[in-house]
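As stored in model25.txt (compact mmCIF, C-alpha atoms):
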```
# COMPACT_ATOMS: atom_id res chain seq x y z
CA MET A 1 -23.60 169.96 17.03
CA ILE A 2 -20.00 168.82 16.41
CA LYS A 3 -18.74 171.37 18.89
CA ALA A 4 -21.14 170.09 21.56
CA VAL A 5 -20.08 166.48 20.94
CA GLY A 6 -16.42 167.48 21.17
CA LEU A 7 -16.99 169.33 24.44
CA PHE A 8 -18.85 166.30 25.81
CA LEU A 9 -15.99 163.96 24.86
CA LEU A 10 -13.43 166.32 26.38
CA SER A 11 -15.38 166.52 29.63
CA LEU A 12 -15.76 162.73 29.66
CA LEU A 13 -12.00 162.28 29.14
CA GLN A 14 -11.36 164.81 31.89
CA VAL A 15 -13.59 162.88 34.31
CA LEU A 16 -11.90 159.57 33.39
CA GLY A 17 -8.49 161.17 33.87
CA TRP A 18 -9.44 162.42 37.34
CA ILE A 19 -10.79 158.98 38.25
CA LEU A 20 -7.57 157.28 37.09
CA LEU A 21 -5.49 159.85 38.97
CA LEU A 22 -7.53 159.24 42.11
CA LEU A 23 -7.11 155.45 41.80
CA PHE A 24 -3.37 155.86 41.27
CA ALA A 25 -3.12 158.11 44.33
CA VAL A 26 -5.04 155.57 46.44
CA PHE A 27 -2.73 152.81 45.21
CA VAL A 28 0.38 154.84 46.07
CA VAL A 29 -0.96 155.68 49.53
CA LEU A 30 -1.79 152.03 50.25
CA LEU A 31 1.64 150.94 49.01
CA LEU A 32 3.43 153.48 51.20
CA ALA A 33 1.24 152.50 54.15
CA ALA A 34 2.06 148.82 53.64
CA LEU A 35 5.78 149.62 53.50
CA PHE A 36 6.14 152.17 56.30
CA VAL A 37 3.16 151.72 58.67
CA PRO A 38 4.12 148.97 61.14
CA VAL A 39 1.99 145.98 62.03
CA ARG A 40 1.70 146.02 65.83
CA TYR A 41 1.30 142.84 67.83
CA GLN A 42 0.48 142.15 71.47
CA VAL A 43 0.65 138.81 73.33
CA LEU A 44 -0.95 138.33 76.74
CA VAL A 45 -0.40 135.14 78.76
CA GLN A 46 -2.50 135.25 81.90
CA ASN A 47 -3.40 132.94 84.77
CA LYS A 48 -5.34 134.41 87.69
CA LYS A 49 -5.31 131.19 89.71
CA ALA A 50 -2.30 129.07 90.61
CA LEU A 51 -1.33 126.96 87.61
CA ASP A 52 -0.15 123.54 88.75
CA LEU A 53 2.32 122.36 86.12
CA THR A 54 2.09 118.74 87.32
CA ALA A 55 -1.65 118.51 86.58
CA VAL A 56 -2.78 116.68 83.49
CA LYS A 57 -5.07 119.47 82.25
CA PHE A 58 -3.08 122.47 83.41
CA LEU A 59 -3.82 124.32 80.15
CA ASP A 60 -7.51 124.54 81.13
CA LYS A 61 -6.67 127.40 83.52
CA LEU A 62 -4.50 129.29 81.06
CA ARG A 63 -5.52 132.24 78.89
CA VAL A 64 -3.53 133.31 75.82
CA GLN A 65 -4.55 136.32 73.75
CA VAL A 66 -2.81 137.46 70.57
CA LYS A 67 -3.74 140.80 68.96
CA VAL A 68 -2.45 142.05 65.60
CA GLY A 69 -3.39 145.49 64.29
CA TRP A 70 -2.47 147.67 61.34
CA LEU A 71 -3.16 151.29 60.41
CA PHE A 72 -4.44 152.52 63.79
CA ARG A 73 -6.46 149.34 64.34
CA MET A 74 -8.36 149.78 61.08
CA VAL A 75 -7.51 146.15 60.40
CA SER A 76 -7.24 143.94 63.47
CA PHE A 77 -6.96 140.22 64.10
CA THR A 78 -7.46 138.64 67.52
CA VAL A 79 -7.07 135.07 68.75
CA ASP A 80 -8.27 134.40 72.31
CA TYR A 81 -7.66 131.01 73.96
CA ARG A 82 -9.58 130.38 77.20
CA GLY A 83 -8.87 126.78 78.22
CA PRO A 84 -11.88 124.46 77.87
CA GLN A 85 -13.81 127.08 75.88
CA GLY A 86 -11.30 126.77 73.06
CA ALA A 87 -9.95 129.50 70.80
CA ALA A 88 -12.04 132.36 69.46
CA VAL A 89 -10.93 134.18 66.30
CA ARG A 90 -12.15 137.70 65.58
CA ILE A 91 -11.38 139.88 62.55
CA ARG A 92 -12.34 143.55 62.45
CA LEU A 93 -12.26 145.88 59.46
CA ALA A 94 -12.80 149.56 60.28
CA GLY A 95 -14.39 148.54 63.58
CA ILE A 96 -16.82 146.07 61.94
CA ASP A 97 -16.68 142.49 63.17
CA LEU A 98 -16.58 140.34 60.02
CA GLY A 99 -17.60 137.21 61.96
CA LYS A 100 -20.86 138.83 63.09
CA VAL A 101 -21.54 140.10 59.57
CA ARG A 102 -21.01 136.62 58.15
CA ALA A 103 -23.31 135.09 60.79
CA TRP A 104 -25.99 137.68 59.97
CA PHE A 105 -25.81 136.89 56.24
CA LEU A 106 -25.98 133.15 56.91
CA ARG A 107 -28.98 133.62 59.19
CA LYS A 108 -30.75 135.71 56.57
CA LYS A 109 -29.95 133.15 53.87
CA GLY A 110 -31.24 130.30 56.04
CA MET A 111 -34.51 132.16 56.75
CA ARG A 112 -34.96 132.84 53.03
CA ARG A 113 -34.35 129.19 52.14
CA SER A 114 -36.76 127.97 54.81
CA GLY A 115 -39.45 130.35 53.48
CA GLN A 116 -38.91 129.17 49.90
CA ASP A 117 -39.11 125.51 50.97
CA ALA A 118 -42.36 126.17 52.83
CA VAL A 119 -43.86 127.87 49.76
CA LYS A 120 -42.80 124.94 47.53
CA THR A 121 -44.33 122.35 49.84
CA THR A 122 -47.63 124.24 49.99
CA GLU A 123 -47.70 124.58 46.19
CA LEU A 124 -46.97 120.88 45.70
CA SER A 125 -49.64 119.79 48.18
CA GLY A 126 -52.21 122.10 46.55
CA GLY A 127 -51.32 120.84 43.05
CA GLU A 128 -51.69 117.21 44.07
CA ARG A 129 -55.08 117.91 45.62
CA THR A 130 -56.38 119.67 42.53
CA PHE A 131 -55.13 116.86 40.26
CA GLU A 132 -56.85 114.19 42.33
CA GLU A 133 -60.00 116.23 42.48
CA ARG A 134 -59.86 116.84 38.70
CA THR A 135 -59.27 113.20 37.73
CA GLY A 136 -61.35 111.69 40.47
CA SER A 137 -59.10 108.57 40.63
CA ASN A 138 -56.12 107.38 42.63
CA CYS A 139 -52.88 107.40 40.64
CA GLY A 140 -51.23 104.83 42.89
CA GLU A 141 -53.61 102.01 41.86
CA PRO A 142 -53.08 100.42 38.42
CA PRO A 143 -56.06 100.12 36.07
CA PRO A 144 -57.90 96.81 36.06
CA GLY A 145 -56.39 94.25 33.72
CA GLY A 146 -53.28 96.35 33.20
CA ASP A 147 -50.77 93.52 33.82
CA ALA A 148 -52.44 91.14 31.37
CA ALA A 149 -52.63 93.81 28.65
CA SER A 150 -48.96 94.68 29.09
CA ASP A 151 -47.94 90.98 28.85
CA GLN A 152 -49.90 90.55 25.61
CA THR A 153 -48.27 93.67 24.14
CA GLU A 154 -44.75 92.45 25.01
CA GLN A 155 -45.44 89.00 23.44
CA ALA A 156 -46.69 90.59 20.22
CA PHE A 157 -43.62 92.84 20.07
CA GLU A 158 -41.21 89.90 20.58
CA LYS A 159 -42.77 88.05 17.62
CA THR A 160 -41.91 90.94 15.31
CA LEU A 161 -38.20 91.00 16.38
CA PRO A 162 -35.43 88.81 14.80
CA ALA A 163 -34.28 85.66 16.55
CA GLY A 164 -31.14 87.22 18.09
CA GLU A 165 -32.77 90.43 19.36
CA LYS A 166 -35.61 89.06 21.48
CA THR A 167 -35.97 90.39 24.98
CA GLY A 168 -34.80 88.10 27.72
CA SER A 169 -32.07 86.57 25.59
CA GLY A 170 -28.48 87.75 25.76
CA PRO A 171 -26.78 89.56 22.90
CA THR A 172 -25.53 87.19 20.24
CA GLU A 173 -22.13 87.75 18.70
CA SER A 174 -21.49 87.41 15.03
CA PRO A 175 -19.09 84.59 14.09
CA ASP A 176 -17.00 87.09 12.10
CA LEU A 177 -16.64 89.49 15.05
CA SER A 178 -13.50 87.96 16.55
CA ALA A 179 -11.89 87.61 13.12
CA HIS A 180 -12.65 91.26 12.40
CA ASN A 181 -11.14 92.49 15.73
CA ALA A 182 -8.05 90.25 15.57
CA PRO A 183 -5.87 92.71 13.54
CA ALA A 184 -6.73 95.57 15.93
CA LEU A 185 -5.79 93.47 18.97
CA GLU A 186 -2.50 92.45 17.36
CA HIS A 187 -1.76 96.10 16.57
CA THR A 188 -2.32 97.18 20.19
CA ASP A 189 -0.15 94.32 21.50
CA HIS A 190 2.61 95.31 19.08
CA LYS A 191 2.44 98.95 20.27
CA LYS A 192 2.65 97.88 23.94
CA THR A 193 5.69 95.68 23.32
CA ALA A 194 7.39 98.45 21.32
CA HIS A 195 6.75 100.95 24.13
CA ARG A 196 8.21 98.54 26.71
CA LYS A 197 11.30 97.93 24.59
CA GLN A 198 11.83 101.67 24.16
CA ALA A 199 11.55 102.31 27.90
CA LEU A 200 13.99 99.46 28.63
CA ARG A 201 16.42 100.90 26.07
CA LYS A 202 16.28 104.35 27.76
CA LYS A 203 16.94 102.82 31.18
CA LYS A 204 19.99 100.97 29.81
CA LYS A 205 21.38 104.17 28.28
CA ARG A 206 20.87 106.07 31.54
CA PHE A 207 22.58 103.30 33.51
CA ARG A 208 25.56 103.27 31.13
CA ARG A 209 25.88 107.03 31.35
CA THR A 210 25.87 107.09 35.16
CA SER A 211 28.17 104.09 35.42
CA GLY A 212 30.59 105.76 33.02
CA ARG A 213 30.64 108.91 35.10
CA GLU A 214 31.26 107.07 38.33
CA ALA A 215 33.86 104.73 36.89
CA GLY A 216 36.82 104.33 39.19
CA LYS A 217 34.84 105.58 42.25
CA LYS A 218 34.20 103.05 44.97
CA PRO A 219 30.95 103.35 46.92
CA MET A 220 31.50 104.86 50.36
CA ARG A 221 29.83 103.30 53.34
CA GLY A 222 29.53 104.15 56.99
CA ARG A 223 32.57 105.92 58.42
CA ALA A 224 34.06 106.90 55.06
CA LYS A 225 30.84 108.64 54.02
CA ILE A 226 30.70 110.60 57.29
CA ILE A 227 34.37 111.62 56.94
CA GLU A 228 33.74 112.78 53.37
CA LYS A 229 30.76 114.90 54.46
CA LEU A 230 32.79 116.46 57.28
CA ARG A 231 35.60 117.23 54.87
CA ARG A 232 33.23 118.93 52.44
CA PHE A 233 31.61 120.92 55.26
CA LYS A 234 35.04 122.07 56.49
CA GLN A 235 36.02 123.03 52.96
CA GLU A 236 32.85 125.08 52.47
CA PHE A 237 33.12 126.67 55.91
CA THR A 238 36.75 127.70 55.51
CA ASP A 239 36.12 129.19 52.09
CA GLU A 240 36.47 132.98 52.24
CA THR A 241 33.46 133.60 50.00
CA ASN A 242 31.17 131.45 52.12
CA ARG A 243 32.45 132.96 55.36
CA SER A 244 31.80 136.47 54.08
CA ALA A 245 28.32 135.47 52.87
CA VAL A 246 27.42 133.85 56.21
CA ASN A 247 28.73 136.87 58.10
CA ARG A 248 26.64 139.23 55.98
CA LEU A 249 23.53 137.05 56.40
CA TRP A 250 24.02 136.96 60.17
CA ILE A 251 24.31 140.76 60.32
CA GLU A 252 21.09 141.26 58.37
CA LEU A 253 19.21 138.69 60.46
CA CYS A 254 20.31 140.43 63.65
CA ARG A 255 19.04 143.73 62.27
CA ILE A 256 15.67 142.25 61.39
CA LEU A 257 15.31 140.52 64.76
CA ARG A 258 16.36 143.68 66.62
CA SER A 259 13.65 145.62 64.79
CA TYR A 260 10.95 142.96 65.24
CA MET A 261 11.66 142.05 68.88
CA PRO A 262 9.13 143.10 71.55
CA GLY A 263 9.62 146.68 72.65
CA LYS A 264 7.27 146.30 75.59
CA ILE A 265 7.53 143.54 78.19
CA GLU A 266 5.58 143.51 81.43
CA ALA A 267 5.45 140.61 83.87
CA ASP A 268 3.91 139.98 87.27
CA LEU A 269 4.64 136.37 88.23
CA THR A 270 4.82 134.17 91.29
CA PHE A 271 6.30 130.70 90.97
CA SER A 272 7.54 127.73 92.95
CA MET A 273 9.62 124.70 91.88
CA ALA A 274 8.36 122.52 94.80
CA ASP A 275 11.87 122.65 96.29
CA PRO A 276 13.47 125.72 97.93
CA ALA A 277 16.89 124.93 96.42
CA ARG A 278 15.56 124.65 92.86
CA THR A 279 13.38 127.72 93.34
CA GLY A 280 16.44 129.72 94.38
CA GLN A 281 18.46 128.46 91.39
CA VAL A 282 15.71 129.45 88.93
CA LEU A 283 15.35 132.85 90.59
CA GLY A 284 19.12 133.39 90.26
CA LEU A 285 19.04 132.53 86.56
CA ILE A 286 16.12 134.91 85.98
CA SER A 287 17.88 137.73 87.84
CA MET A 288 20.86 137.40 85.47
CA MET A 289 18.70 138.26 82.46
CA PRO A 290 18.84 141.93 81.38
CA LEU A 291 15.16 141.91 80.44
CA VAL A 292 14.22 141.83 84.12
CA TYR A 293 15.95 145.17 84.74
CA ARG A 294 15.20 146.84 81.43
CA TYR A 295 11.42 146.36 81.55
CA PRO A 296 8.91 146.54 84.43
CA CYS A 297 8.96 142.91 85.54
CA ALA A 298 7.94 141.78 89.02
CA ILE A 299 8.90 138.13 89.64
CA ALA A 300 8.48 136.64 93.10
CA ALA A 301 9.55 133.20 94.29
CA ASP A 302 7.57 131.10 96.74
CA PHE A 303 10.02 129.09 98.85
CA GLU A 304 7.39 127.66 101.21
CA SER A 305 5.17 125.86 98.70
CA ASP A 306 5.63 122.14 98.13
CA ARG A 307 4.07 122.03 94.67
CA LEU A 308 5.18 123.16 91.22
CA TYR A 309 3.09 126.13 90.09
CA ILE A 310 3.19 129.50 88.38
CA GLU A 311 0.62 132.32 88.40
CA GLY A 312 0.36 135.87 87.10
CA GLU A 313 0.53 137.42 83.66
CA VAL A 314 3.06 138.32 80.98
CA LEU A 315 2.45 141.02 78.35
CA LEU A 316 4.56 141.37 75.20
CA GLY A 317 4.19 144.08 72.56
CA GLY A 318 6.12 145.02 69.44
CA LYS A 319 5.89 146.01 65.80
CA VAL A 320 6.84 144.60 62.40
CA THR A 321 7.68 146.90 59.47
CA LEU A 322 7.92 145.59 55.93
CA ILE A 323 10.46 148.18 54.76
CA VAL A 324 13.08 146.80 57.19
CA PHE A 325 12.86 143.34 55.63
CA LEU A 326 12.98 144.75 52.07
CA VAL A 327 16.05 146.87 52.82
CA SER A 328 17.87 143.85 54.28
CA ALA A 329 16.91 141.75 51.25
CA VAL A 330 18.26 144.43 48.86
CA ARG A 331 21.54 144.58 50.80
CA LEU A 332 21.94 140.82 50.55
CA LEU A 333 21.20 140.85 46.82
CA ARG A 334 23.82 143.55 46.26
CA HIS A 335 26.47 141.63 48.23
CA LYS A 336 28.74 139.87 45.71
CA GLU A 337 30.08 137.13 47.99
CA PHE A 338 26.58 136.25 49.19
CA MET A 339 25.29 135.93 45.62
CA LYS A 340 28.31 133.79 44.68
CA ALA A 341 27.57 131.45 47.58
CA VAL A 342 23.90 131.28 46.56
CA ARG A 343 24.83 130.41 42.96
CA ARG A 344 27.23 127.75 44.21
CA LEU A 345 24.59 126.20 46.47
CA THR A 346 21.95 126.21 43.75
CA GLY A 347 24.35 124.80 41.16
CA ARG A 348 24.24 127.77 38.79
CA GLY A 349 27.88 128.66 39.30
CA LYS A 350 29.06 125.22 38.08
CA LYS A 351 26.87 125.45 34.98
CA GLN A 352 28.22 128.92 34.10
CA ALA A 353 31.83 127.79 34.66
CA SER A 354 31.36 124.68 32.49
CA GLY A 355 29.61 126.71 29.80
```
Target encoding structure tokens, full file:
Amino acid sequence: MIKAVGLFLLSLLQVLGWILLLLFAVFVVLLLAALFVPVRYQVLVQNKKALDLTAVKFLDKLRVQVKVGWLFRMVSFTVDYRGPQGAAVRIRLAGIDLGKVRAWFLRKKGMRRSGQDAVKTTELSGGERTFEERTGSNCGEPPPGGDAASDQTEQAFEKTLPAGEKTGSGPTESPDLSAHNAPALEHTDHKKTAHRKQALRKKKKRFRRTSGREAGKKPMRGRAKIIEKLRRFKQEFTDETNRSAVNRLWIELCRILRSYMPGKIEADLTFSMADPARTGQVLGLISMMPLVYRYPCAIAADFESDRLYIEGEVLLGGKVTLIVFLVSAVRLLRHKEFMKAVRRLTGRGKKQASG
């Protein structure tokens, strides 16, 4: 018997151990997926018809769609804006639309509630009918002579009460009530005055302390205050520690932006600035951008139109990886000059130096 119980406990511990190991493995896999699997995004700005920028409601003809997906679209989030129709939000988990699932549950819940309400109303109507049939009288009508009987009962009850407790008369106060409550009222007034005096005393001490610290300093106004702020900014900017910290922060931000910038850009646009000269200037500025030559972008200018418009579509796509941000954050935390600048800005460096 003892051997069987021991074997059962060992097998139970073995099963629990395998379950814990499986949960730990799932946790590790999800953590690695969150760190290394990128979140892909896609932005589509589209306008099939000519979009007149001078119109009041020019956004009614515009369509903007933003898609975000993770882990081979196992988790996806979509926002679709279609002008007057508004924005539609859709969330999918393993291909299942959570919005439709929620609507189905709400519809089922509403049908269940409506059925329960119908059953309750039928039960109440049946109960009222049986009660009326059982009593054979109408409950809404008072019995004959009921008002007179109730008046006589109230008069008899008032005769039995003391003079100060009769119904219809207000509550009478005892003559010793105010004398009994007078010490309590004086005590509360004394506590309030003591609290006010203590608060006033603390304010005076605080004012003396601050005035003592700022003794000999004249208040700066207007131009002098601006000059002082510029001097402090120049002092902080020319400091070698701050310059090194800002340089390191700029390098890490450039790395993050380079990793998160769109890797796919496609454009097919036709535009007009309502003036051939301005249209040519804008086209020259666009042709100077390297994005036009690096990615498949087709941009055409309409020099003959006399109205301001733009039509076509622009597609942007990229990815965001969490490990890139964490690596940059660890580099900044390990940089000594950056941490010194952070302590100086937060005021911790002054406290440590004074201590």
- Report the distance between CA of Phe325 (chain A) and CA of Pro38 (chain A) in Å, rounded to one decimal place. 11.8 Å
- Task: Excluding Leu345 (chain A) and residues on its chain fewer than 6 positions from it, collect all residues at most 12 Å away from it, counting only C-alpha atoms, and give them as a ChimeraX atom specification.
- Result: /A:236,242,245,338-339,351
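If you look at CA of Leu32 (chain A) and CA of Met74 (chain A), they are 15.8 Å away from each other.
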- Using CA of Asn247 (chain A) and CA of Val39 (chain A) as the two end points, give the distance in Å to one decimal.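 CA of Val39 (chain A) lies 28.5 Å from CA of Asn247 (chain A).
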With a distance cut-off of 12 Å and all atoms listed in the file, select the neighbouring residues of Phe271 (chain A), excluding the residue or stretch itself and same-chain residues fewer than 4 positions from it, and output the selection as a PDB file with C-alpha atoms, in the coordinates of the input.
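Once everything was written out, this is part_17.pdb:
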```pdb
ATOM      1  CA  ASN A  47      -3.400 132.940  84.770  1.00  0.00           C
ATOM      2  CA  LYS A  49      -5.310 131.190  89.710  1.00  0.00           C
ATOM      3  CA  ALA A  50      -2.300 129.070  90.610  1.00  0.00           C
ATOM      4  CA  LEU A  51      -1.330 126.960  87.610  1.00  0.00           C
ATOM      5  CA  ASP A  52      -0.150 123.540  88.750  1.00  0.00           C
ATOM      6  CA  LEU A  53       2.320 122.360  86.120  1.00  0.00           C
ATOM      7  CA  ASP A 275      11.870 122.650  96.290  1.00  0.00           C
ATOM      8  CA  PRO A 276      13.470 125.720  97.930  1.00  0.00           C
ATOM      9  CA  ARG A 278      15.560 124.650  92.860  1.00  0.00           C
ATOM     10  CA  THR A 279      13.380 127.720  93.340  1.00  0.00           C
ATOM     11  CA  GLY A 280      16.440 129.720  94.380  1.00  0.00           C
ATOM     12  CA  VAL A 282      15.710 129.450  88.930  1.00  0.00           C
ATOM     13  CA  LEU A 283      15.350 132.850  90.590  1.00  0.00           C
ATOM     14  CA  ILE A 286      16.120 134.910  85.980  1.00  0.00           C
ATOM     15  CA  ALA A 298       7.940 141.780  89.020  1.00  0.00           C
ATOM     16  CA  ILE A 299       8.900 138.130  89.640  1.00  0.00           C
ATOM     17  CA  ALA A 300       8.480 136.640  93.100  1.00  0.00           C
ATOM     18  CA  ALA A 301       9.550 133.200  94.290  1.00  0.00           C
ATOM     19  CA  ASP A 302       7.570 131.100  96.740  1.00  0.00           C
ATOM     20  CA  PHE A 303      10.020 129.090  98.850  1.00  0.00           C
ATOM     21  CA  GLU A 304       7.390 127.660 101.210  1.00  0.00           C
ATOM     22  CA  SER A 305       5.170 125.860  98.700  1.00  0.00           C
ATOM     23  CA  ASP A 306       5.630 122.140  98.130  1.00  0.00           C
ATOM     24  CA  ARG A 307       4.070 122.030  94.670  1.00  0.00           C
ATOM     25  CA  LEU A 308       5.180 123.160  91.220  1.00  0.00           C
ATOM     26  CA  TYR A 309       3.090 126.130  90.090  1.00  0.00           C
ATOM     27  CA  ILE A 310       3.190 129.500  88.380  1.00  0.00           C
ATOM     28  CA  GLU A 311       0.620 132.320  88.400  1.00  0.00           C
ATOM     29  CA  GLY A 312       0.360 135.870  87.100  1.00  0.00           C
ATOM     30  CA  GLU A 313       0.530 137.420  83.660  1.00  0.00           C
TER      31      GLU A 313
END
```
- Message: Which residues are near Lys336 (chain A)? Cut-off 12 Å, all atoms listed in the file, ignore same chain within fewer than 5 positions. Put them as a ChimeraX atom specification.
- Response: /A:241-242,244-245,248,330-331,341-343
What would region 335-344 of chain A look like with all heavy atoms in place, written as a tab-separated table (two decimals), keeping the file's coordinate frame?
```tsv
chain	number	residue	atom	x	y	z
A	335	HIS	N	25.20	142.14	47.71
A	335	HIS	CA	26.47	141.63	48.23
A	335	HIS	C	27.01	140.56	47.28
A	335	HIS	O	26.35	139.55	47.01
A	335	HIS	CB	26.25	141.06	49.63
A	335	HIS	CG	27.50	140.90	50.42
A	335	HIS	ND1	28.17	139.71	50.51
A	335	HIS	CD2	28.23	141.81	51.15
A	335	HIS	CE1	29.24	139.86	51.27
A	335	HIS	NE2	29.30	141.13	51.66
A	336	LYS	N	28.20	140.76	46.74
A	336	LYS	CA	28.74	139.87	45.71
A	336	LYS	C	29.06	138.49	46.27
A	336	LYS	O	28.73	137.47	45.65
A	336	LYS	CB	29.99	140.49	45.10
A	336	LYS	CG	29.72	141.78	44.34
A	336	LYS	CD	30.99	142.33	43.73
A	336	LYS	CE	30.73	143.61	42.96
A	336	LYS	NZ	31.97	144.18	42.36
A	337	GLU	N	29.72	138.43	47.43
A	337	GLU	CA	30.08	137.13	47.99
A	337	GLU	C	28.84	136.30	48.35
A	337	GLU	O	28.83	135.08	48.16
A	337	GLU	CB	30.96	137.32	49.23
A	337	GLU	CG	32.40	137.70	48.94
A	337	GLU	CD	32.53	139.15	48.56
A	337	GLU	OE1	31.51	139.88	48.69
A	337	GLU	OE2	33.63	139.57	48.13
A	338	PHE	N	27.81	136.97	48.85
A	338	PHE	CA	26.58	136.25	49.19
A	338	PHE	C	25.93	135.67	47.94
A	338	PHE	O	25.47	134.52	47.94
A	338	PHE	CB	25.61	137.20	49.90
A	338	PHE	CG	24.31	136.55	50.27
A	338	PHE	CD1	24.21	135.72	51.38
A	338	PHE	CD2	23.18	136.78	49.50
A	338	PHE	CE1	23.01	135.12	51.70
A	338	PHE	CE2	21.97	136.19	49.82
A	338	PHE	CZ	21.89	135.35	50.93
A	339	MET	N	25.89	136.43	46.85
A	339	MET	CA	25.29	135.93	45.62
A	339	MET	C	26.13	134.81	45.01
A	339	MET	O	25.59	133.86	44.42
A	339	MET	CB	25.13	137.07	44.61
A	339	MET	CG	24.13	138.13	45.06
A	339	MET	SD	22.51	137.46	45.50
A	339	MET	CE	22.01	136.73	43.96
A	340	LYS	N	27.47	134.88	45.15
A	340	LYS	CA	28.31	133.79	44.68
A	340	LYS	C	28.02	132.50	45.46
A	340	LYS	O	27.93	131.40	44.88
A	340	LYS	CB	29.79	134.17	44.82
A	340	LYS	CG	30.29	135.14	43.78
A	340	LYS	CD	31.76	135.43	43.99
A	340	LYS	CE	32.29	136.45	42.99
A	340	LYS	NZ	33.72	136.75	43.20
A	341	ALA	N	27.88	132.63	46.76
A	341	ALA	CA	27.57	131.45	47.58
A	341	ALA	C	26.21	130.89	47.23
A	341	ALA	O	26.02	129.66	47.17
A	341	ALA	CB	27.62	131.82	49.07
A	342	VAL	N	25.24	131.75	46.94
A	342	VAL	CA	23.90	131.28	46.56
A	342	VAL	C	23.95	130.54	45.23
A	342	VAL	O	23.34	129.48	45.06
A	342	VAL	CB	22.92	132.46	46.50
A	342	VAL	CG1	21.60	132.05	45.87
A	342	VAL	CG2	22.68	133.02	47.90
A	343	ARG	N	24.70	131.09	44.27
A	343	ARG	CA	24.83	130.41	42.96
A	343	ARG	C	25.54	129.07	43.12
A	343	ARG	O	25.20	128.09	42.44
A	343	ARG	CB	25.59	131.30	41.99
A	343	ARG	CG	24.86	132.56	41.59
A	343	ARG	CD	25.54	133.24	40.42
A	343	ARG	NE	25.07	134.61	40.24
A	343	ARG	CZ	25.69	135.67	40.69
A	343	ARG	NH1	26.85	135.54	41.35
A	343	ARG	NH2	25.19	136.88	40.48
A	344	ARG	N	26.52	129.01	44.00
A	344	ARG	CA	27.23	127.75	44.21
A	344	ARG	C	26.32	126.71	44.86
A	344	ARG	O	26.34	125.53	44.49
A	344	ARG	CB	28.46	127.99	45.09
A	344	ARG	CG	29.31	126.74	45.28
A	344	ARG	CD	30.46	127.02	46.23
A	344	ARG	NE	31.31	128.10	45.74
A	344	ARG	CZ	32.33	128.59	46.41
A	344	ARG	NH1	32.60	128.13	47.63
A	344	ARG	NH2	33.07	129.55	45.91
```
